[in-house]
Every structure is written in structure tokens, then in C-alpha cells.
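*Asks:* Provided herewith is a single structure, encoded as C-alpha cells, for subsequent inquiry.
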Amino acid sequence: MKTTWDSKRYAQIIKLAQYLTSLTAQQNVWLEVGKALLSFFNVDLCAFGERHLDGTIEVRYWATADAHRPDGSAQDGAPPQLAILSLGESETAIHELIAETLESGFLAQQLFFTPTPLSLALLPITHEHQVIAVMLIGHHLPEAIPNELLNVYLAVAGLVGTTATRIASEQELRQHRQHLAELVDERTMALTTANQQLQQEIVTRTRTEAILAARLRLMTFARTHTLPNLLRATIDEARALTESQIGFCHFLQPDQNTPLVQHWSTNTVQHKGTADMTSAQHTVDQGGSWGECIHLRRPIIHNDHDSRPHRKERPPGHANLRRELVVPVLRGSQVVAVLGVGNKPTDYTPEDVKTIAALADFAWDIVENKRVEEALQQQAITDELTGVTNRRHFLAMAAQELKRVVRLRHALSIALIDLDHFKLINDTHGHAGGDQALKIFTQICQQHIREIDLLARFGGDEFILLLPVTTGEQARTVLERVRQALIVQRPTFHGGPVTLTISVGIAACDAGEAQSLETLLGRADQALYHAKKAGRNRVSVDHTLPAP
């Protein structure tokens, strides 16, 4: 069977991931990645740039196709005599691009033409949320590397960062084992004392390994799950590490007194309490142990919870607490969150504090990155001014919905909506007035449509509305309500009140009817034209049937 481009790249990434998994701490990750990229992806050049403590940039671990080396051969990792780049001014430019990528954490591209065309991509490699190196990938192309290939290389950079993190963890664990072995050798004559120290080291090592394993699991989990699921997984890890029965995490508002959001472990929600575990109803002053932790800005242990002074009464249905450990997460002078566990079978110890503190601090960084990632994803599909879906995302969602129309045999309608005389609003009240008119329309429209309906800004003053399981006449009823609600709104702009009206063109397809999105949009546009020609401020439905 012929392999598609996407499946081929996917197979290459899988092959690279399997190869990187086999690497050990005794191997040079950068050299092995360079060789793998030459082998699996047919790149023409691969290298890695790093910044030294003195601020200088060094590019090392070069890997180039033999055919492009001046002498036809070079030792692995040795800088080739770059005939392809002709070092000189290019070297300065490359170092500047590396410095920029190290600072920003975003990929960069550059096209060189001396003497041979080379399209160079610089991709950040991260370790524990720090950009530690930059991967340089070059192709002999006279134009920029295609976005499709850049996405592949971004995935490769992520794999390299994960591999570097894994190998660093393995090296740390190996150092722990070596240290234990040295202790045993040095204290052979004092067997009793040595045995006690060894047992303590084993406990510490086991705990460290468990924390590292939990951190690696959370890093992997974060890539494919939502923020609430990530928070739940973090709390579950904290509960398991301390052998507790209850776990919770509270995020704090900047006022340092109001919880922003509360999350509880899976076990707590399922078995330990019936109270509302998702709402943030209490201030810090009402918060019991976690409020005490925030006020004191240090970990709190209560191994006899009910006998502590000034104990707060638990709300009905709240999980019963016998022992509790709460640790703050500090960023600068602010407590940004608290992570807590409860009801361990034995007393909580300072070692438990270290465990939860290490996990809480690391988890906060993962959560912050996830929040930024989800915010960026939302920005990519949202119109900045009105907050509704943008054109690109709408077209993708509408195409999927049209497939469901045929499969599930339900009706669907699309409405094109124009704000009447929008240019006059802009000319009379300025662009601020025009922006306000767009926002008012979207707010009113969203008040009259369902959650399954999708409103998008199509461009300028034009909007589009997708109404699944809706006939043309049903869509007309919805849009008439929107039109009438907009008329009575009469907002006041600079210069006085304004009556806002809309013209709407609707096209529908019957249950199970196969129509292309282009056809539906064309019919809706024709209906919109008739609405405008008839005097605007009206809703028109296109009743023509598509050509067979």
C-alpha cells in the first residue's frame, strides 16, 4: 500500500522515538540525534548550539551528509569545513539566531545563499521548562522549510528534550546508587551503623526515584490532556507518594485571600466526601489548615487534626480529616497555590513535606505552561475583538458538521449576517464605535443561540452562524429574534443613540442531504444579497435546491 506523506513522517517520528528510547547515559544524545536525523529524515545538516556561562555561543556536534563535506569525510561531532555555509558573516548570523532562540524559546528560520542555498531552522530544546540548547536543521533549499516539515522537527525537538530529561534523571539515579555503594565500602567495619545509613539512603533514593517518575508521568500526561485533568493527575500523584487517602489543590487569587479554583483527588471525590468539591466558596480566613498554611507561608502538618486549636468546622458532607499536610507554592512574594494531602495511615514526617514541596513546585510550572498553551490554542481559533470563533476554525468545524449531516441524517442551516450601514457607523462614530457595534451584535446573538450553534466573525462586519439540526425556517425564527433584539438595544455611541440592524441570508440542507460547504455558503450569500436588495434589516432564506 502506498504510504502518504503524513503517515511516512509519522512513521519516521515513531522510529526516532523508539531509537531515542534506547539511548543510555553513556551515549552522547546530541551526536546520536544528529545521526538519526541524517538517517531518518534525510536532512543535510544538523548541529546544536549552546550558551556558555561567559555568554558566548558555541555550535557543536555537527552532522552533515558526507556528500556535502569538502573532504568527503569527518569525525562524528567534529565541525565540518562548512563549504555549504562558508563561515564568516554567516557564523555571526547563526550565533545571533541561536541567542535569539535561547532567549525567546521560539523557533527561528534563516535562508543562506553563500555559496550554496541553505534553509536553516533553529528549534529550542527544553529541559525542565528551561531552553538548554538549540537544534539547527538545514536543507539545501532555495526557500524556507515547509511548515509541514517544521511541525515534524518541532516534534523531534520535543523528543530530544524529553530524552535529555530522561537521561539526566538516569544519571542522577546512577549517582545515588554509586554514593550508596561508597558508603557501604567505607563503613564495612561498622556494620550496624553502616546498615542504618544504608537503609536511610535506600529510602531517600526510592523516594527520589518515585518523585522523578511522577514528574516524568506528569510531563507526558500534560501533552495530551486538559488543564483540569492535569491538576487531578497531579493531586493523585501527591496522594500516592505519601500513601494518603485525600488530596487537594487550591489556586489563589492575587489578593492572597480568595481561592481561584479548587481541585480534589479522584479518590476524594469518589469515596471520601459528598460536599461540592469544585467550587471556591471559602476565603483564606475560613480555610482551615490551607488558610493557615497561606498565612504562615510555610508547610503545615497536623497529625491529630481534630485536637488542634482554632479548628474550623467542616461543612456537611466534607471528607473527614484525621491527619493533614499542606504545602504552599511560592512565586516571588506571592503564595500562588497550596497542595495538600490527608489521612495517611501513619504520621506525616519532614520527608513527606519534602516530597510534596518538590512535586508542588514542579507541578505549578507544568500547570502554568499548560495554561499558557491552552490560552494560545484558544487565541488561535478566536476573533480577538469579539471573542467568537474566527473564520479558519469555523470552516473546519462546518466541514465536520456537514459530514455528520449525511451520517446522522439531520438538517443543518448556515446564516450569513451583515451589520447594515457599518461603514456609516465607522464614519460617524469612529472605529471605536464600529468595534462597539460588533461586540454588541455578538453578545445579543449569543444570547439567542444554543450551545451547539457556532457563531464566527467571517471578516469585517460579516458574521456566519452554523445551526446544526435546524431547518431553514427554524433558522429564520432564531435570526428574527436576534434581529428584533438588536433593534431595541439602541446603544449610545459618541454622538448619540444608534439603531443597529442586520441583514441575514440563510441556506439549509435537509436531513441526510449531501452538500458541499462551498455550495451552502454560495446559497447563503445569494439570500443575503436578496435581503440587502429588498431594503436591508430583514432575514432571507434561500429555498433553491442544489443541482443534482
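Residue numbering restarts at 1 for every chain of the C-alpha cells, chains are lettered A, B, ... in their displayed order, and ligands are numbered from 1 as they appear.
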Do you know which residues are at most 10 Å from Asp435 in chain A counting only C-alpha atoms, after dropping those on the same chain fewer than 6 positions away, and could you put them as a list of chain:residue names?
*Replies:* A:Leu385, A:Thr386, A:Ile425, A:Asn426, A:His429, A:Gly460, A:Asp461
*Asks:* Looking only at the backbone, which of the residues in range 19-203 of chain A does DSSP tag as helix (DSSP H, G or I), as JSON, numbers by chain?
*Replies:* {"A": [19, 20, 21, 29, 30, 31, 32, 33, 34, 35, 36, 37, 38, 39, 40, 41, 66, 67, 68, 89, 90, 91, 92, 93, 94, 95, 96, 97, 98, 99, 100, 101, 102, 103, 104, 147, 148, 149, 150, 151, 152, 153, 154, 155, 156, 157, 158, 159, 160, 161, 162, 163, 164, 165, 166, 167, 168, 169, 170, 171, 172, 173, 174, 175, 176, 177, 178, 179, 180, 181, 182, 183, 184, 185, 186, 191, 192, 193, 194, 195, 196, 197, 198, 199, 200, 201, 202, 203]}
*Asks:* The selected residues should be written to file as an mmCIF file, in the first residue's frame (atoms: C-alpha atoms).
*Replies:*
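Output (result.cif):
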```cif
data_model
loop_
_atom_site.group_PDB
_atom_site.id
_atom_site.type_symbol
_atom_site.label_atom_id
_atom_site.label_comp_id
_atom_site.auth_asym_id
_atom_site.auth_seq_id
_atom_site.Cartn_x
_atom_site.Cartn_y
_atom_site.Cartn_z
ATOM 1 C CA TYR A 19 15.603 4.945 18.805
ATOM 2 C CA LEU A 20 15.871 7.731 21.404
ATOM 3 C CA THR A 21 14.272 5.460 24.000
ATOM 4 C CA VAL A 29 22.467 12.408 22.912
ATOM 5 C CA TRP A 30 23.317 15.265 20.552
ATOM 6 C CA LEU A 31 25.561 13.131 18.314
ATOM 7 C CA GLU A 32 23.040 10.317 18.201
ATOM 8 C CA VAL A 33 20.186 12.699 17.330
ATOM 9 C CA GLY A 34 22.252 14.218 14.521
ATOM 10 C CA LYS A 35 22.978 10.800 13.052
ATOM 11 C CA ALA A 36 19.329 9.794 13.403
ATOM 12 C CA LEU A 37 18.108 12.918 11.614
ATOM 13 C CA LEU A 38 20.509 12.254 8.739
ATOM 14 C CA SER A 39 19.311 8.671 8.561
ATOM 15 C CA PHE A 40 15.557 9.007 9.197
ATOM 16 C CA PHE A 41 14.740 12.451 7.776
ATOM 17 C CA ASP A 66 29.068 13.164 3.528
ATOM 18 C CA ALA A 67 28.279 14.352 0.035
ATOM 19 C CA HIS A 68 28.314 17.970 1.252
ATOM 20 C CA GLU A 89 29.386 36.641 8.258
ATOM 21 C CA SER A 90 27.148 33.550 8.280
ATOM 22 C CA GLU A 91 28.727 32.404 11.551
ATOM 23 C CA THR A 92 27.798 35.678 13.253
ATOM 24 C CA ALA A 93 24.255 35.462 11.905
ATOM 25 C CA ILE A 94 23.882 31.870 13.126
ATOM 26 C CA HIS A 95 25.140 32.777 16.604
ATOM 27 C CA GLU A 96 22.680 35.678 16.762
ATOM 28 C CA LEU A 97 19.804 33.392 15.736
ATOM 29 C CA ILE A 98 20.836 30.850 18.377
ATOM 30 C CA ALA A 99 20.939 33.559 21.061
ATOM 31 C CA GLU A 100 17.509 34.770 19.990
ATOM 32 C CA THR A 101 16.031 31.251 20.160
ATOM 33 C CA LEU A 102 17.626 30.613 23.586
ATOM 34 C CA GLU A 103 16.058 33.825 24.885
ATOM 35 C CA SER A 104 12.591 33.565 23.296
ATOM 36 C CA ASN A 147 5.565 24.348 7.741
ATOM 37 C CA GLU A 148 4.646 20.665 7.479
ATOM 38 C CA LEU A 149 8.299 19.727 7.910
ATOM 39 C CA LEU A 150 8.816 22.346 10.647
ATOM 40 C CA ASN A 151 5.993 20.730 12.649
ATOM 41 C CA VAL A 152 7.810 17.414 12.319
ATOM 42 C CA TYR A 153 11.071 18.983 13.526
ATOM 43 C CA LEU A 154 9.261 20.651 16.466
ATOM 44 C CA ALA A 155 8.042 17.185 17.454
ATOM 45 C CA VAL A 156 11.626 15.932 17.078
ATOM 46 C CA ALA A 157 12.882 18.761 19.313
ATOM 47 C CA GLY A 158 10.300 17.761 21.927
ATOM 48 C CA LEU A 159 11.508 14.160 21.761
ATOM 49 C CA VAL A 160 15.109 15.309 22.154
ATOM 50 C CA GLY A 161 14.194 17.426 25.198
ATOM 51 C CA THR A 162 12.313 14.502 26.742
ATOM 52 C CA THR A 163 15.268 12.204 26.072
ATOM 53 C CA ALA A 164 17.697 14.693 27.636
ATOM 54 C CA THR A 165 15.424 14.906 30.696
ATOM 55 C CA ARG A 166 15.226 11.121 30.939
ATOM 56 C CA ILE A 167 18.980 10.629 30.636
ATOM 57 C CA ALA A 168 19.626 13.386 33.187
ATOM 58 C CA SER A 169 17.293 11.568 35.583
ATOM 59 C CA GLU A 170 19.112 8.290 34.914
ATOM 60 C CA GLN A 171 22.454 9.958 35.619
ATOM 61 C CA GLU A 172 21.115 11.375 38.871
ATOM 62 C CA LEU A 173 19.813 7.971 39.928
ATOM 63 C CA ARG A 174 23.118 6.347 38.998
ATOM 64 C CA GLN A 175 24.932 8.884 41.179
ATOM 65 C CA HIS A 176 22.641 7.965 44.066
ATOM 66 C CA ARG A 177 23.439 4.285 43.613
ATOM 67 C CA GLN A 178 27.169 4.992 43.411
ATOM 68 C CA HIS A 179 27.006 7.079 46.564
ATOM 69 C CA LEU A 180 25.268 4.242 48.418
ATOM 70 C CA ALA A 181 27.912 1.773 47.251
ATOM 71 C CA GLU A 182 30.699 4.064 48.518
ATOM 72 C CA LEU A 183 29.021 4.352 51.902
ATOM 73 C CA VAL A 184 28.824 0.564 52.208
ATOM 74 C CA ASP A 185 32.535 0.175 51.276
ATOM 75 C CA GLU A 186 33.709 2.870 53.706
ATOM 76 C CA LEU A 191 28.228 -2.940 60.161
ATOM 77 C CA THR A 192 25.396 -1.800 62.400
ATOM 78 C CA THR A 193 25.901 1.895 61.760
ATOM 79 C CA ALA A 194 26.516 1.307 58.073
ATOM 80 C CA ASN A 195 23.327 -0.705 57.790
ATOM 81 C CA GLN A 196 21.276 2.091 59.357
ATOM 82 C CA GLN A 197 22.779 4.646 56.999
ATOM 83 C CA LEU A 198 22.238 2.352 54.031
ATOM 84 C CA GLN A 199 18.572 1.856 54.884
ATOM 85 C CA GLN A 200 18.106 5.610 55.115
ATOM 86 C CA GLU A 201 19.807 6.129 51.781
ATOM 87 C CA ILE A 202 17.611 3.449 50.199
ATOM 88 C CA VAL A 203 14.506 5.197 51.484
#
```
*Asks:* Which of these, A:Lys532, A:Pro345, A:Arg457, A:Glu451, has the shortest distance to Arg392 in chain A once you count only C-alpha atoms?
*Replies:*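 Going through A:Lys532, A:Pro345, A:Arg457, A:Glu451 one by one, the smallest distance to Arg392 in chain A is for A:Arg457.
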*Asks:* Please indicate the distance in Å from CA of Phe463 in chain A to CA of Glu518 in chain A, rounded to one decimal place.
*Replies:*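 Between CA of Phe463 in chain A and CA of Glu518 in chain A the gap is 16.0 Å.
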*Asks:* Would you mind reading off the distance between CA of Gly288 in chain A and CA of Tyr348 in chain A, one decimal, in Å?
*Replies:*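 If I compute the distance from CA of Gly288 in chain A to CA of Tyr348 in chain A, I get 17.7 Å.
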*Asks:* Could you please determine the separation between CA of Leu517 in chain A and CA of Glu473 in chain A in Å, to one decimal place?
*Replies:*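 CA of Glu473 in chain A lies 19.4 Å from CA of Leu517 in chain A.
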*Asks:* Give me, as a ChimeraX atom specification, all polymer residues having an atom no more than 12 Å from Thr226 in chain A, counting only C-alpha atoms and skipping those fewer than 3 positions away in the same chain.
*Replies:* /A:218,221-223,229-233,366-367,369-375,377
*Asks:* Can you spit out the residues from that selection as a PDB file, in the first residue's frame, using N, CA and C atoms?
*Replies:*
```
ATOM      1  N   LEU A 218       3.791  13.204  34.748  1.00  0.00           N
ATOM      2  CA  LEU A 218       3.012  14.433  34.592  1.00  0.00           C
ATOM      3  C   LEU A 218       3.414  15.183  33.331  1.00  0.00           C
ATOM      4  N   PHE A 221       1.768  13.312  30.575  1.00  0.00           N
ATOM      5  CA  PHE A 221       0.313  13.469  30.678  1.00  0.00           C
ATOM      6  C   PHE A 221      -0.131  14.840  30.168  1.00  0.00           C
ATOM      7  N   ALA A 222       0.676  15.868  30.467  1.00  0.00           N
ATOM      8  CA  ALA A 222       0.301  17.237  30.115  1.00  0.00           C
ATOM      9  C   ALA A 222       0.194  17.443  28.618  1.00  0.00           C
ATOM     10  N   ARG A 223       0.893  16.636  27.839  1.00  0.00           N
ATOM     11  CA  ARG A 223       0.906  16.844  26.396  1.00  0.00           C
ATOM     12  C   ARG A 223      -0.448  16.536  25.759  1.00  0.00           C
ATOM     13  N   ASN A 229      -7.799  17.951  34.009  1.00  0.00           N
ATOM     14  CA  ASN A 229      -7.315  16.575  34.137  1.00  0.00           C
ATOM     15  C   ASN A 229      -5.876  16.531  34.627  1.00  0.00           C
ATOM     16  N   LEU A 230      -5.062  17.495  34.188  1.00  0.00           N
ATOM     17  CA  LEU A 230      -3.671  17.566  34.632  1.00  0.00           C
ATOM     18  C   LEU A 230      -3.607  17.859  36.129  1.00  0.00           C
ATOM     19  N   LEU A 231      -4.440  18.769  36.605  1.00  0.00           N
ATOM     20  CA  LEU A 231      -4.459  19.078  38.034  1.00  0.00           C
ATOM     21  C   LEU A 231      -4.905  17.862  38.845  1.00  0.00           C
ATOM     22  N   ARG A 232      -5.910  17.163  38.364  1.00  0.00           N
ATOM     23  CA  ARG A 232      -6.372  15.959  39.062  1.00  0.00           C
ATOM     24  C   ARG A 232      -5.253  14.918  39.111  1.00  0.00           C
ATOM     25  N   ALA A 233      -4.526  14.754  37.997  1.00  0.00           N
ATOM     26  CA  ALA A 233      -3.423  13.780  37.968  1.00  0.00           C
ATOM     27  C   ALA A 233      -2.310  14.187  38.930  1.00  0.00           C
ATOM     28  N   ILE A 366       4.448  23.101  35.386  1.00  0.00           N
ATOM     29  CA  ILE A 366       3.752  22.377  34.321  1.00  0.00           C
ATOM     30  C   ILE A 366       2.368  22.989  34.088  1.00  0.00           C
ATOM     31  N   VAL A 367       1.665  23.269  35.178  1.00  0.00           N
ATOM     32  CA  VAL A 367       0.314  23.833  35.071  1.00  0.00           C
ATOM     33  C   VAL A 367       0.352  25.197  34.401  1.00  0.00           C
ATOM     34  N   ASN A 369       2.566  26.322  32.285  1.00  0.00           N
ATOM     35  CA  ASN A 369       2.832  26.113  30.865  1.00  0.00           C
ATOM     36  C   ASN A 369       1.582  25.609  30.149  1.00  0.00           C
ATOM     37  N   LYS A 370       0.843  24.730  30.828  1.00  0.00           N
ATOM     38  CA  LYS A 370      -0.380  24.213  30.219  1.00  0.00           C
ATOM     39  C   LYS A 370      -1.415  25.322  30.060  1.00  0.00           C
ATOM     40  N   ARG A 371      -1.510  26.197  31.041  1.00  0.00           N
ATOM     41  CA  ARG A 371      -2.466  27.306  30.948  1.00  0.00           C
ATOM     42  C   ARG A 371      -2.108  28.221  29.786  1.00  0.00           C
ATOM     43  N   VAL A 372      -0.811  28.505  29.640  1.00  0.00           N
ATOM     44  CA  VAL A 372      -0.365  29.342  28.521  1.00  0.00           C
ATOM     45  C   VAL A 372      -0.651  28.646  27.201  1.00  0.00           C
ATOM     46  N   GLU A 373      -0.381  27.329  27.150  1.00  0.00           N
ATOM     47  CA  GLU A 373      -0.611  26.567  25.924  1.00  0.00           C
ATOM     48  C   GLU A 373      -2.081  26.600  25.529  1.00  0.00           C
ATOM     49  N   GLU A 374      -2.981  26.377  26.513  1.00  0.00           N
ATOM     50  CA  GLU A 374      -4.410  26.378  26.212  1.00  0.00           C
ATOM     51  C   GLU A 374      -4.886  27.770  25.822  1.00  0.00           C
ATOM     52  N   ALA A 375      -4.299  28.812  26.460  1.00  0.00           N
ATOM     53  CA  ALA A 375      -4.659  30.175  26.088  1.00  0.00           C
ATOM     54  C   ALA A 375      -4.250  30.473  24.655  1.00  0.00           C
ATOM     55  N   GLN A 377      -3.847  28.247  22.262  1.00  0.00           N
ATOM     56  CA  GLN A 377      -4.722  27.478  21.391  1.00  0.00           C
ATOM     57  C   GLN A 377      -6.068  28.177  21.209  1.00  0.00           C
TER      58      GLN A 377
END
```
*Asks:* Give me, as JSON lines, each residue of range 374-486 of chain A that comes within 10 Å of range 490-495 of chain A, together with its shortest interatomic pair and the distance in Å at one decimal, counting only C-alpha atoms, with rows ordered by chain and rising residue number.
*Replies:*
```
{"residue": "A:Ile425", "atom": "CA", "partner": "A:Phe493", "partner_atom": "CA", "distance": 9.4}
{"residue": "A:Thr428", "atom": "CA", "partner": "A:Gly495", "partner_atom": "CA", "distance": 8.0}
{"residue": "A:His429", "atom": "CA", "partner": "A:His494", "partner_atom": "CA", "distance": 6.0}
{"residue": "A:Gly430", "atom": "CA", "partner": "A:His494", "partner_atom": "CA", "distance": 8.5}
{"residue": "A:Ala432", "atom": "CA", "partner": "A:Phe493", "partner_atom": "CA", "distance": 8.9}
{"residue": "A:Gly433", "atom": "CA", "partner": "A:Phe493", "partner_atom": "CA", "distance": 6.1}
{"residue": "A:Gly434", "atom": "CA", "partner": "A:Phe493", "partner_atom": "CA", "distance": 9.3}
{"residue": "A:Gln436", "atom": "CA", "partner": "A:Phe493", "partner_atom": "CA", "distance": 8.3}
{"residue": "A:Ala437", "atom": "CA", "partner": "A:Pro491", "partner_atom": "CA", "distance": 8.3}
{"residue": "A:Ile440", "atom": "CA", "partner": "A:Pro491", "partner_atom": "CA", "distance": 8.4}
{"residue": "A:Ala485", "atom": "CA", "partner": "A:Arg490", "partner_atom": "CA", "distance": 9.6}
{"residue": "A:Leu486", "atom": "CA", "partner": "A:Arg490", "partner_atom": "CA", "distance": 7.5}
```
*Asks:* If you count only C-alpha atoms, which residues fall within 8 Å of Phe394 in chain A, apart from same-chain ones fewer than 6 positions away, as a PyMOL selection string?
*Replies:* chain A and resi 454-456
*Asks:* Keeping only C-alpha atoms, take the residues you just selected and write them out as an mmCIF file, in the first residue's frame.
*Replies:*
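Result file selection.cif:
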```
data_model
loop_
_atom_site.group_PDB
_atom_site.id
_atom_site.type_symbol
_atom_site.label_atom_id
_atom_site.label_comp_id
_atom_site.auth_asym_id
_atom_site.auth_seq_id
_atom_site.Cartn_x
_atom_site.Cartn_y
_atom_site.Cartn_z
ATOM 1 C CA LEU A 454 -21.352 28.151 16.243
ATOM 2 C CA LEU A 455 -21.007 31.894 15.645
ATOM 3 C CA ALA A 456 -17.930 33.215 13.844
#
```
*Asks:* I want to know what sits within 7 Å of range 403-420 of chain A, based on only C-alpha atoms, with residues of the same chain fewer than 6 positions away left out; could you give that as an MDAnalysis selection string?
*Replies:* chainID A and resid 461:472 475 501:514 524:525 528 536
*Asks:* Need to verify the contact set: Ser289 in chain A, 9 Å, only C-alpha atoms, exclusion of same-chain residues closer than 4 positions in sequence. Can you return it as a ChimeraX atom specification?
*Replies:* /A:293-294,300-302,311-312,324-326
*Asks:* Go ahead and write the selection's residues with C-alpha atoms as a tab-separated table (two decimals), in the first residue's frame.
*Replies:*
```tsv
chain	number	residue	atom	x	y	z
A	293	CYS	CA	-0.54	27.49	55.51
A	294	ILE	CA	-1.09	30.61	53.35
A	300	ILE	CA	1.65	22.82	57.90
A	301	ILE	CA	1.39	19.34	59.49
A	302	HIS	CA	-1.50	18.29	61.74
A	311	ARG	CA	-10.15	24.17	64.32
A	312	LYS	CA	-12.72	25.18	61.69
A	324	GLU	CA	-3.22	16.61	57.14
A	325	LEU	CA	-0.17	18.07	55.37
A	326	VAL	CA	-0.42	21.31	53.37
```
